[in-house]
Amino acid sequence: MADGELPPIRSPEQVTVTVRRARNLRGLRGDSLVSQIKVEFGDKVLGETPKVECMPDSPAEYNHNSTLTVTFEDPAFLDELGYKPILLTIIEVLPKEKKAKEEKTLNLGQCTVDLMPLLRGEVNPKYTLQVHGLPSSPMENIPAEVPKPEVDVELKVNEAILSESQLSECNLMTITTESLFSPPDSWQMPGSQYIYTASLPLPITSEKENVVVFPSGQLKPGIEKEVPNKQKKWFIPGSAQGNAIYIPDSYVSSDTYEEEAGDFRSKDDREHRIVAEQDKNRVTWNTERRSYLDSSATKSFQDKIAKTRYWPMEVMRVPLPSGNKTKKDDDGSFSYHGVVYINMAPLLYPGVKRIRGAYRVYAYDEREVFEKTKRKGALADEVVKIASGMLFRNTQSPFAKKGADKAVDKKEPKKGASAMLKPSDTNSQVEDAPVNVEGLQYVEAKSYVMLEICLNRPLIPKRPAEEVARRVAEYIPPRPLFPKRTNGAQKAVEDFHQQVGKVANQILDEFRELFGTELLNAGGSDLPNTDADLEARRQKMIYELNSSGKYFAFKEQLKHSVVKIVREKYLKTTTFTSKDDLQAFLSELYVYLVDQMHIGLGNVLTLEDKTPVPEPLTDSAQLKHFAREAEVNENFELATKYYQERIARNKTDSSCWFDYGTFCLYINDIAKAEECFKECVAINQKHVEGLMLYGVVCAMEEKNEAAETFFEAATCVDPKNVLAWTMLGLFYHGISNEISAEMAMMEADKLNISSARKAMKPVKGIVAKNIEPPPTPEHMTVDEAKESEVGEVNNIDTKSIPSINKIPATPSMPQEKGTSQTKAKPTDRKQSIAQGKKAGSMGSRTSSKENVSSARPGSRHVRSPGTPQVPENHEIEEPRESTPVPPQSVYMMASDWLLEAKAMAFTERALAHELLSTTGGPSPQYYISLARLCLQKKDFEKAEEALEAAVQADHQNPDAWGIMGHLRYLSGDLAAAKDCYERTISFLTNPSETHSIYLRLASIYLQDGMFQEAKRTFLLACKKSPSCVSWLGVGIACYRLSELSEAEDALSEANILNNSDPEVWAFLSMVCLKTARQLEAEQAYKYALKVGLTDEDLLAEILSLQEEVGFGNPQL
């Protein structure tokens, strides 16, 4: 195709409309009648069927074809196929009277045929449609037990109207304008001299836009006076009347507040929404407009959303023109000019095809509209023309007739005097916009319009989970859990040795079975070893093996290993060419196998027993606990040892690699952390936390494409994970992708509220019990503490985040946090129920109109003409329950998890967003998280400021006082640290982690010489989560108290948990010195020096005690 040449336009396509048959018709004379059907499309009559007699026992067979020509020159015609139905009118032909020239006819009913399936690529859709009786016709009020009249219709095209390529590039949009709630108070029900319009622009092509007008808004009373009808209307129903103006099986949907995408979604707006939708007047359209967007229009629509985000919809009130045209002021005028700013950005979220919400109405201000939407000029004048043409000139197109346009153009539309008032200051600038006084009433009344916009396919397709998983596998190939088996020559020889050993043991068992009695008779001495005796035993053994078949079994057992040696070592896999080659190979193989047999027998019959390797005394959870404890004490070398030991025990455990990676992040070893997270994901490609932290590392290294893949993979692995969506949103914020960030955070908020609702249901109606303080073991012994520690190491305090086992410093027992959590108040729920039950005697709302009517026999339901009966399966909307308040925001959940993961950069980002999102000021939890972050960064000054703010906000928060104690401890102010720690453990509610608090408080007691208090506190730490450090502290306190027996027990427990701690060996040596055990004292002293005892004060104390008792040091 030459440059600039337009693509060829497709020739017109004929749509064949076939009316097959009708059944269950009723006329003036009952079930027997002569009927015909008129087929219309807009203002065009496509044809009429022949007159056919319809009987009760047989349907009326029409089999009539009508054609509709579809042209492709103008995209507007394809657009009409979406919102204009084909109208079928059933007509009864009455008998011709004697003097009448023509037969009389009576319109019985109508039904509509939807052409939208043709735009979706179907070529032969078939329908069975219910016929709706027209007013005053015999089919208007048919009893429920009588079969409904139906028509069978078929559409057919030779070739799909839209090809596969067009379907993949174009889009079908559906806009449903439902109702305007909480209108201005000046809009009164008496007198229906106004109509209410809503309009918005829609692209037809990349350069042309069409103004879509919803002209038939009607002011209706609240639910008490009229039950709302939820069925959607056709945008242009043509000459349809009654229930035929409604789209079959299409109803206004209902979403929860969290699922909506508009305004008035917060908890503070719920009461206003409930009152507006239940009690106040409303303007109802319930009209659906379908639009066809070709590829250029779709691209233009997408670009405009990305550029401006907001799409304007203008709302106004237009007076009905008088019939005699004497009131010129009414012609072309409008009032109450408002505008709705529809945030279309959610349609740019990947995979999103639908938005629905309550959008606030603002006073129309041309300058504000231009700032938000980059559009100049109002649509009001054109809307008035189009609305007048659609409603009062019988125009079936959304455009006014030419003559009418000229008549309207002759005079400029006149606004009411109160509509637009210019400022009184005569010196005001020309560009100052007049004040829209009437429009401001929308703002005062907090008016809003319910809208729904749906697309046939998303503007931004979402990557499927399979593709994301494939991208992850490209970055990090998955590693099998078990190593591949190798079949090399060395492995084949080792297998032969093993098989020889097994066969040798089996032969020994056979020998013992045959000659065991002779050994017993010999009295335990050796059997006779003469040549004759040996030969006799050999012959007997061979005979038994051959006769029993065990000899051949042993040969088969060795056969497979011999074959592997032939293939792997000698590389013989084909047949030999000559017998000489075969014999030479067999001789060589025999010699080799005999030599290897001797080696195998030597391995089996060796007299030296191997020392068994003892099983480890600590499991993976204990090692993790010890590593976290060493990490808090800033003993990074010991922490590294514990983390690496966990990996060495189980290299295929992804959680071990993940924990080691978080530690490497903490010590700022980014390269090693990246390798750990990479290994974690390689072992388990669905490890959500590993995927997120590898994404964090990639983001820190500015590998944004890879980071996005891993964050998105986390949401695909667990779509219900609040943390995964929050991390994705934080990442998008970091790269300034605001639309995607907004999408991710909305999903995270929705899931957070959903989890709060699920958590609230099981405890509904349950009164929380008072939390009693835990008993304090004032005189707990070491044995009692050891008995109480059973099974408590693994009970690590965790928060409800799907992540690391939460140990801010070191693990502690689960704590009851019921008193500190925020509980959702049931006020909103009660108010909504009260609003829903305001109808008095209506009782419980039912799904059918008959039940509603019978519930209030004295009430009068106002129903506009043509309003359909509420179907039995269509429930009347119940008042929506209030939204619970989650205990934590998504940003605080993310910051807590990131603090555990030591990802400081993302923690700062999460806390910054938390600070911006809060309306009533930062919470105490925010200041606590900020203080924890500053402690990790060693910024003690800012940490102190944050903790002071947290204590001022909540002076009984144990976490705040516990972290304040850590701050004082690290700063060297031990007296202040002790006061903070003592206050922390005296609260009724325990802090989120207590182990480090107990250890540090007890160490302060030891330094101050308060040994009894130190012993008690160390025992508390042992009860919660025992470790070498906690038992060592108990042993030291008992030693200082001269409780040598308990000191030895505690030090023995510490030595079991870590036998390379020099202080444990040192104090064991001193205990043995005081109990006069010379050998044990010397051994413990030597081990203390061997594992690196460097504490000079402790060494001096040991030497002094050795000199005092006179032993314990081999050098003396």
# chains A, B, ... in the order shown; residues from 1 in each chain; ligands from 1
call {"tool": "residues_around", "arguments": {"residues": "Lys978 of chain A", "least_positions_apart": "4", "cutoff": "8 Å", "atoms": "only C-alpha atoms", "output": "ChimeraX atom specification"}}
result
/A:965,974,982,1001,1004
call {"tool": "write_last_selection", "arguments": {"atoms": "N, CA and C atoms", "output": "PDB file, in the first residue's frame"}}
result
ATOM      1  N   GLY A 965      13.500   2.148  76.563  1.00  0.00           N
ATOM      2  CA  GLY A 965      14.532   1.488  77.358  1.00  0.00           C
ATOM      3  C   GLY A 965      15.703   1.028  76.509  1.00  0.00           C
ATOM      4  N   LEU A 974      22.115   3.542  81.931  1.00  0.00           N
ATOM      5  CA  LEU A 974      21.531   2.301  82.428  1.00  0.00           C
ATOM      6  C   LEU A 974      20.443   2.559  83.468  1.00  0.00           C
ATOM      7  N   GLU A 982      11.387  -1.502  83.707  1.00  0.00           N
ATOM      8  CA  GLU A 982      10.507  -1.872  84.822  1.00  0.00           C
ATOM      9  C   GLU A 982       9.088  -1.377  84.586  1.00  0.00           C
ATOM     10  N   LEU A1001      17.307  -5.885  81.109  1.00  0.00           N
ATOM     11  CA  LEU A1001      16.993  -5.484  82.478  1.00  0.00           C
ATOM     12  C   LEU A1001      17.745  -6.351  83.483  1.00  0.00           C
ATOM     13  N   ILE A1004      21.336  -5.361  83.731  1.00  0.00           N
ATOM     14  CA  ILE A1004      21.515  -4.154  84.557  1.00  0.00           C
ATOM     15  C   ILE A1004      21.470  -4.522  86.035  1.00  0.00           C
TER      16      ILE A1004
END
call {"tool": "residues_around", "arguments": {"residues": "Arg909 of chain A", "least_positions_apart": "3", "cutoff": "9 Å", "atoms": "only C-alpha atoms", "output": "MDAnalysis selection string"}}
result
chainID A and resid 730 733:734 895 904:906 912:914
call {"tool": "write_last_selection", "arguments": {"atoms": "N, CA and C atoms", "output": "PDB file, in the first residue's frame"}}
result
ATOM      1  N   LEU A 730       3.987   0.829  46.823  1.00  0.00           N
ATOM      2  CA  LEU A 730       5.146   1.617  47.248  1.00  0.00           C
ATOM      3  C   LEU A 730       6.212   1.669  46.159  1.00  0.00           C
ATOM      4  N   HIS A 733       5.027   4.110  43.527  1.00  0.00           N
ATOM      5  CA  HIS A 733       5.225   5.480  44.007  1.00  0.00           C
ATOM      6  C   HIS A 733       6.679   5.902  43.839  1.00  0.00           C
ATOM      7  N   GLY A 734       7.587   4.969  44.071  1.00  0.00           N
ATOM      8  CA  GLY A 734       9.001   5.293  43.972  1.00  0.00           C
ATOM      9  C   GLY A 734       9.448   5.629  42.566  1.00  0.00           C
ATOM     10  N   SER A 895       5.197  -1.185  57.000  1.00  0.00           N
ATOM     11  CA  SER A 895       6.364  -0.686  57.739  1.00  0.00           C
ATOM     12  C   SER A 895       6.799  -1.674  58.811  1.00  0.00           C
ATOM     13  N   MET A 904      15.353  -0.633  55.016  1.00  0.00           N
ATOM     14  CA  MET A 904      15.147   0.704  55.591  1.00  0.00           C
ATOM     15  C   MET A 904      14.617   1.697  54.571  1.00  0.00           C
ATOM     16  N   ALA A 905      15.062   1.602  53.311  1.00  0.00           N
ATOM     17  CA  ALA A 905      14.621   2.583  52.316  1.00  0.00           C
ATOM     18  C   ALA A 905      13.121   2.490  52.102  1.00  0.00           C
ATOM     19  N   PHE A 906      12.608   1.280  51.944  1.00  0.00           N
ATOM     20  CA  PHE A 906      11.169   1.118  51.750  1.00  0.00           C
ATOM     21  C   PHE A 906      10.400   1.407  53.033  1.00  0.00           C
ATOM     22  N   ALA A 912       6.386   7.536  55.324  1.00  0.00           N
ATOM     23  CA  ALA A 912       6.056   8.836  54.728  1.00  0.00           C
ATOM     24  C   ALA A 912       4.627   8.837  54.197  1.00  0.00           C
ATOM     25  N   HIS A 913       4.214   7.770  53.544  1.00  0.00           N
ATOM     26  CA  HIS A 913       2.839   7.695  53.044  1.00  0.00           C
ATOM     27  C   HIS A 913       1.843   7.588  54.193  1.00  0.00           C
ATOM     28  N   GLU A 914       2.208   6.922  55.270  1.00  0.00           N
ATOM     29  CA  GLU A 914       1.330   6.863  56.434  1.00  0.00           C
ATOM     30  C   GLU A 914       1.127   8.253  57.014  1.00  0.00           C
TER      31      GLU A 914
END
call {"tool": "closest_residue", "arguments": {"among": "A:Leu1032, A:Leu162, A:Ala1037, A:Leu693", "to": "Ala1066 of chain A", "atoms": "only C-alpha atoms"}}
result
A:Leu1032
call {"tool": "residues_around", "arguments": {"residues": "Glu742 of chain A", "least_positions_apart": "4", "cutoff": "10 Å", "atoms": "only C-alpha atoms", "output": "ChimeraX atom specification"}}
result
/A:345-346,349,729-730,732-733,737-738,746-748
call {"tool": "write_last_selection", "arguments": {"atoms": "C-alpha atoms", "output": "PDB file, in the first residue's frame"}}
result
ATOM      1  CA  ALA A 345      -7.818   6.631  35.958  1.00  0.00           C
ATOM      2  CA  PRO A 346      -8.969   3.231  37.319  1.00  0.00           C
ATOM      3  CA  TYR A 349      -5.272  -0.139  35.820  1.00  0.00           C
ATOM      4  CA  GLY A 729       2.097   0.339  45.363  1.00  0.00           C
ATOM      5  CA  LEU A 730       5.146   1.617  47.248  1.00  0.00           C
ATOM      6  CA  TYR A 732       5.152   2.364  41.822  1.00  0.00           C
ATOM      7  CA  HIS A 733       5.225   5.480  44.007  1.00  0.00           C
ATOM      8  CA  ASN A 737       3.837   5.689  38.272  1.00  0.00           C
ATOM      9  CA  GLU A 738       0.940   7.286  40.128  1.00  0.00           C
ATOM     10  CA  MET A 746      -6.862   0.627  46.425  1.00  0.00           C
ATOM     11  CA  GLU A 747      -6.605  -3.151  46.176  1.00  0.00           C
ATOM     12  CA  ALA A 748      -4.581  -3.292  49.389  1.00  0.00           C
TER      13      ALA A 748
END
call {"tool": "atom_distance", "arguments": {"atom1": "atom CA of Glu674 of chain A", "atom2": "atom CA of Phe940 of chain A"}}
result
28.7 Å
call {"tool": "residues_around", "arguments": {"residues": "Gln302 of chain A", "least_positions_apart": "5", "cutoff": "10 Å", "atoms": "only C-alpha atoms", "output": "ChimeraX atom specification"}}
result
/A:296-297,307,309,344-345,347-348,459-460
call {"tool": "residues_around", "arguments": {"residues": "Met964 of chain A", "least_positions_apart": "2", "cutoff": "8 Å", "atoms": "only C-alpha atoms", "output": "list in words"}}
result
Glu944, Leu947, Ala960, Trp961, Gly962, His966, Leu967, Arg968, Ala977 and Cys980 of chain A
call {"tool": "select_by_dssp", "arguments": {"residues": "segment 130-354 of chain A", "states": "strand (DSSP E)", "output": "MDAnalysis selection string"}}
result
chainID A and resid 130 132:133 150:156 171:181 194:203 209:220 231:234 246:251 282:293 310:319 335:343 354
call {"tool": "closest_residue", "arguments": {"among": "A:Gly238, A:Pro215, A:Pro75, A:Gly27", "to": "Pro149 of chain A", "atoms": "only C-alpha atoms"}}
result
A:Gly27
call {"tool": "closest_residue", "arguments": {"among": "A:Ser986, A:Leu81, A:Pro147, A:Glu102", "to": "Leu118 of chain A", "atoms": "only C-alpha atoms"}}
result
A:Leu81
